[in-house]
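Undergrad: coords10.txt (compact mmCIF, C-alpha atoms) pasted underneath:
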```txt
# COMPACT_ATOMS: atom_id res chain seq x y z
CA PRO A 1 40.08 -221.40 229.53
CA ASP A 2 40.67 -219.45 232.75
CA ALA A 3 44.41 -220.15 232.70
CA ALA A 4 44.60 -219.40 228.97
CA LEU A 5 42.91 -216.04 229.48
CA TYR A 6 45.06 -215.26 232.51
CA TRP A 7 48.34 -215.90 230.68
CA LEU A 8 47.14 -214.05 227.59
CA ALA A 9 46.26 -211.06 229.78
CA ARG A 10 49.68 -211.23 231.46
CA MET A 11 51.39 -211.21 228.07
CA VAL A 12 49.31 -208.36 226.63
CA ALA A 13 49.45 -206.26 229.81
CA GLY A 14 53.19 -206.93 230.00
CA GLY A 15 53.71 -205.40 226.57
CA ALA A 16 54.04 -208.49 224.37
CA ASP A 17 53.52 -207.74 220.69
CA PRO A 18 49.98 -208.95 219.92
CA LEU A 19 51.16 -210.26 216.53
CA TYR A 20 53.79 -212.36 218.28
CA VAL A 21 51.06 -213.77 220.52
CA ALA A 22 48.87 -214.39 217.45
CA ARG A 23 51.72 -216.32 215.76
CA ARG A 24 52.07 -218.54 218.82
CA VAL A 25 48.30 -219.11 218.92
CA VAL A 26 48.25 -220.08 215.23
CA ARG A 27 51.15 -222.46 215.81
CA MET A 28 49.28 -224.05 218.72
CA ALA A 29 46.23 -224.61 216.51
CA SER A 30 48.33 -226.72 214.12
CA GLU A 31 50.74 -228.34 216.56
CA ASP A 32 48.56 -229.13 219.57
CA ILE A 33 44.99 -229.17 218.25
CA GLY A 34 45.57 -230.29 214.68
CA LEU A 35 42.99 -232.51 213.04
CA ALA A 36 41.12 -233.08 216.28
CA ASP A 37 39.49 -229.73 215.43
CA PRO A 38 40.47 -228.41 211.98
CA GLN A 39 38.44 -225.23 212.62
CA ALA A 40 40.94 -224.17 215.28
CA LEU A 41 43.38 -222.99 212.63
CA ARG A 42 40.69 -220.85 210.97
CA VAL A 43 39.69 -219.32 214.30
CA CYS A 44 43.31 -218.46 215.09
CA LEU A 45 44.05 -217.04 211.64
CA ALA A 46 40.92 -214.90 211.93
CA ALA A 47 42.17 -213.67 215.32
CA LYS A 48 45.55 -212.82 213.75
CA ASP A 49 43.77 -210.93 210.97
CA ALA A 50 41.68 -209.03 213.52
CA VAL A 51 44.81 -208.07 215.47
CA GLU A 52 46.43 -206.79 212.26
CA PHE A 53 43.27 -204.93 211.22
CA LEU A 54 42.18 -203.51 214.57
CA GLY A 55 45.37 -203.35 216.58
CA SER A 56 45.32 -203.29 220.35
CA PRO A 57 43.21 -203.16 222.47
CA GLU A 58 40.32 -204.03 220.10
CA GLY A 59 42.13 -206.96 218.47
CA ASP A 60 43.02 -208.40 221.87
CA LEU A 61 39.46 -209.65 222.24
CA SER A 62 39.94 -211.80 219.14
CA LEU A 63 43.05 -213.31 220.72
CA ALA A 64 41.03 -214.00 223.87
CA GLN A 65 38.39 -215.76 221.78
CA ALA A 66 41.06 -217.86 220.07
CA VAL A 67 42.79 -218.95 223.27
CA VAL A 68 39.50 -219.95 224.88
CA TYR A 69 38.63 -221.91 221.72
CA LEU A 70 41.99 -223.70 221.84
CA ALA A 71 41.69 -224.44 225.54
CA LEU A 72 38.35 -226.16 224.99
CA ALA A 73 39.22 -227.92 221.72
CA PRO A 74 40.08 -231.62 221.55
CA LYS A 75 43.84 -232.11 221.14
CA SER A 76 45.95 -234.07 218.67
CA ASN A 77 49.57 -233.65 217.67
CA SER A 78 49.47 -236.57 215.22
CA VAL A 79 50.04 -234.40 212.12
CA TYR A 80 52.90 -232.58 213.88
CA THR A 81 54.66 -235.83 214.76
CA ALA A 82 53.90 -237.35 211.33
CA TRP A 83 55.35 -234.28 209.59
CA LYS A 84 58.57 -234.52 211.61
CA ALA A 85 58.81 -238.22 210.74
CA ALA A 86 58.14 -237.51 207.04
CA LEU A 87 60.91 -234.91 206.91
CA GLN A 88 63.27 -237.40 208.54
CA ALA A 89 62.18 -240.16 206.12
CA VAL A 90 63.02 -238.12 203.00
CA GLU A 91 66.33 -236.81 204.28
CA GLY A 92 68.98 -237.85 201.75
CA GLU A 93 66.50 -239.88 199.65
CA ASN A 94 65.31 -239.38 196.11
CA LEU A 95 63.03 -242.36 195.45
CA ALA A 96 61.08 -242.46 192.18
CA VAL A 97 57.37 -241.67 191.96
CA PRO A 98 55.50 -244.90 191.09
CA ALA A 99 54.91 -245.05 187.32
CA HIS A 100 51.10 -245.22 187.63
CA LEU A 101 51.10 -241.90 189.54
CA ARG A 102 53.26 -240.07 187.01
CA ASN A 103 51.69 -237.55 184.67
CA ALA A 104 51.82 -238.60 181.01
CA PRO A 105 51.39 -235.48 178.88
CA THR A 106 53.39 -236.88 175.95
CA ALA A 107 53.15 -240.08 173.88
CA PHE A 108 56.71 -240.99 174.89
CA MET A 109 55.84 -240.82 178.57
CA ARG A 110 52.74 -242.97 177.99
CA GLN A 111 54.93 -245.50 176.13
CA GLN A 112 57.24 -245.57 179.13
CA GLY A 113 54.29 -246.55 181.36
CA SER A 114 53.59 -243.25 183.03
CA GLY A 115 50.00 -243.13 184.26
CA LYS A 116 49.28 -246.76 183.30
CA GLY A 117 47.09 -248.51 185.87
CA TYR A 118 46.17 -245.36 187.77
CA ALA A 119 42.97 -245.84 189.79
CA TYR A 120 40.86 -242.68 189.67
CA TYR A 121 39.29 -242.20 193.08
CA PHE A 122 35.90 -241.07 191.82
CA ASP A 123 35.53 -244.14 189.59
CA ASP A 124 36.11 -246.50 192.53
CA PRO A 125 36.84 -244.83 195.90
CA ALA A 126 37.74 -248.09 197.64
CA GLY A 127 39.75 -249.44 194.69
CA SER A 128 41.90 -246.34 194.35
CA PHE A 129 43.09 -246.90 197.88
CA GLU A 130 44.53 -250.23 196.77
CA GLN A 131 47.14 -248.67 194.48
CA ARG A 132 50.59 -247.94 195.81
CA TYR A 133 51.24 -244.27 196.60
CA LEU A 134 54.67 -244.55 198.25
CA PRO A 135 57.82 -245.13 196.20
CA GLU A 136 58.85 -248.75 195.63
CA GLY A 137 60.73 -250.00 198.66
CA ALA A 138 59.40 -247.33 201.01
CA GLU A 139 57.39 -248.97 203.78
CA LEU A 140 56.36 -246.09 205.98
CA ARG A 141 53.73 -245.57 208.62
CA LEU A 142 54.12 -241.88 209.40
CA TYR A 143 50.66 -240.78 210.45
CA THR A 144 48.87 -242.36 213.39
CA PRO A 145 45.54 -240.64 213.95
CA ARG A 146 44.09 -240.15 217.39
CA ASN A 147 40.48 -240.71 218.29
CA GLU A 148 39.91 -237.09 219.31
CA GLY A 149 37.22 -234.90 217.75
CA TRP A 150 37.08 -234.78 213.95
CA GLU A 151 40.24 -236.86 213.66
CA GLY A 152 38.44 -239.75 215.35
CA ARG A 153 35.97 -239.87 212.45
CA ALA A 154 38.77 -239.69 209.90
CA SER A 155 40.64 -242.41 211.78
CA GLU A 156 37.61 -244.69 211.59
CA ARG A 157 37.40 -244.22 207.81
CA TRP A 158 41.09 -245.01 207.47
CA ARG A 159 40.73 -248.18 209.56
CA LYS A 160 37.83 -249.31 207.34
CA LEU A 161 39.83 -248.72 204.14
CA MET A 162 42.84 -250.54 205.56
CA ALA A 163 40.68 -253.50 206.64
CA LEU A 164 39.04 -253.59 203.19
CA HIS A 165 42.44 -254.05 201.58
CA GLY A 166 43.93 -256.46 204.10
CA ALA A 167 46.11 -253.98 205.95
CA GLY A 168 44.03 -253.83 209.14
CA GLY A 169 44.81 -255.26 212.51
CA ALA A 170 46.54 -254.06 215.62
CA ASP A 171 49.11 -252.08 213.64
CA ALA A 172 46.51 -250.34 211.46
CA PRO A 173 46.51 -246.55 211.60
CA GLY A 174 44.69 -245.26 214.61
CA ALA A 175 44.35 -248.75 216.08
CA GLU A 176 45.08 -247.50 219.57
CA SER A 177 42.32 -248.21 222.00
CA GLU A 178 39.73 -245.66 222.98
CA ALA A 179 41.21 -245.79 226.49
CA ASP A 180 44.48 -244.41 225.08
CA ASN A 181 42.66 -241.21 224.14
CA GLU A 182 40.14 -240.78 226.91
CA VAL A 183 40.03 -237.43 228.63
CA ALA A 184 39.40 -237.44 232.34
CA GLU A 185 36.34 -235.51 233.36
CA PRO A 186 37.11 -232.65 235.77
CA SER A 187 36.06 -233.29 239.32
```
Could you rewrite the structure in this file as structure tokens?
TA:
Amino acid sequence: PDAALYWLARMVAGGADPLYVARRVVRMASEDIGLADPQALRVCLAAKDAVEFLGSPEGDLSLAQAVVYLALAPKSNSVYTAWKAALQAVEGENLAVPAHLRNAPTAFMRQQGSGKGYAYYFDDPAGSFEQRYLPEGAELRLYTPRNEGWEGRASERWRKLMALHGAGGADAPGAESEADNEVAEPS
């Protein structure tokens, strides 16, 4: 937090546009903090709003609050790396949506099989996870959660669902060891 505040002060005192700084802070909340602390994005967007509403110097305090929050937040770039991989995976592809996931607003579409076999999550939360969501032939593992903050809890749920449907094991999402994500305590 001390370094974050120092560099923020250097930027503001040096004449950096506070909205530019706010954009970078919002980006950091998504790219570097991500799902480890989903509230980080809200805090940073609120700081950006305060900068727009109050201007400088009053809005600068909101930026200071945001950078301290980010400095102390658990970190995960898993969504950032998964998003880059997803964009690369769809480049040049146009695979069909599985028939059971297709909307069937007309009788003809229902006759063609659209929507048939769809598992509604709220009727059977575990069962709906069993249906195929990726296009036929697409075997992708894009998102690998980390065991940091909130994402650690989400990762545990995903591992349980994968194990329930026979997709668990060492290559299950988030199967990295706790040691892979440990944070050294400051001395």
Undergrad: If we count all atoms listed in the file and set the cut-off at 7 Å, which residues sit around range 21-34 of chain A, ignoring sequence neighbours fewer than 3 positions away in its own chain? Please answer as a list in words.
TA: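 Contacts, in chain order: Asp17, Pro18, Asp37, Pro38, Ala40, Leu41, Cys44, Leu45, Lys48, Leu63, Leu70, Ala73, Pro74, Lys75, Ser76, Asn77, Val79 and Tyr80 of chain A.
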Undergrad: Determine the nearest neighbour of Pro135 in chain A from the options A:Ala89, A:Thr81, A:Val51, A:Arg157, counting only C-alpha atoms.
TA: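 Using only C-alpha atoms, Pro135 in chain A sits closest to A:Ala89.
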Undergrad: Between A:Trp83, A:Ala64, A:Tyr120, A:Ala154, which one has atoms that come closest to Ala3 in chain A, using all atoms listed in the file?
TA: A:Ala64
Undergrad: Grab the CA of Leu134 in chain A to CA of Arg110 in chain A distance for me, in Å with one decimal place.
TA: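 For CA of Leu134 in chain A relative to CA of Arg110 in chain A, the distance reads 20.4 Å.
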Undergrad: Compile the contact shell of Ala71 in chain A as a list in words: residues with an atom at most 8 Å away, counting only C-alpha atoms, same-chain residues fewer than 3 positions apart removed.
TA: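 Returned residues: Pro1, Ala4, Val67 and Val68 of chain A.
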Undergrad: What does the distance between CA of Leu5 in chain A and CA of Ala66 in chain A come to in Å, to one decimal place?
TA: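 These two atoms are separated by 9.8 Å.
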Undergrad: Please compute the CA of Ala99 in chain A-CA of Tyr143 in chain A distance, one decimal, in Å.
TA: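 Atom-to-atom, CA of Ala99 in chain A to CA of Tyr143 in chain A, that is 23.9 Å.
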Undergrad: When distances are computed from all atoms listed in the file, which of A:Gly137, A:Pro145, A:Gln39, A:Ser56 shows the smallest separation from Ala16 in chain A?
TA: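 Result for the nearest residue to Ala16 in chain A: A:Ser56.
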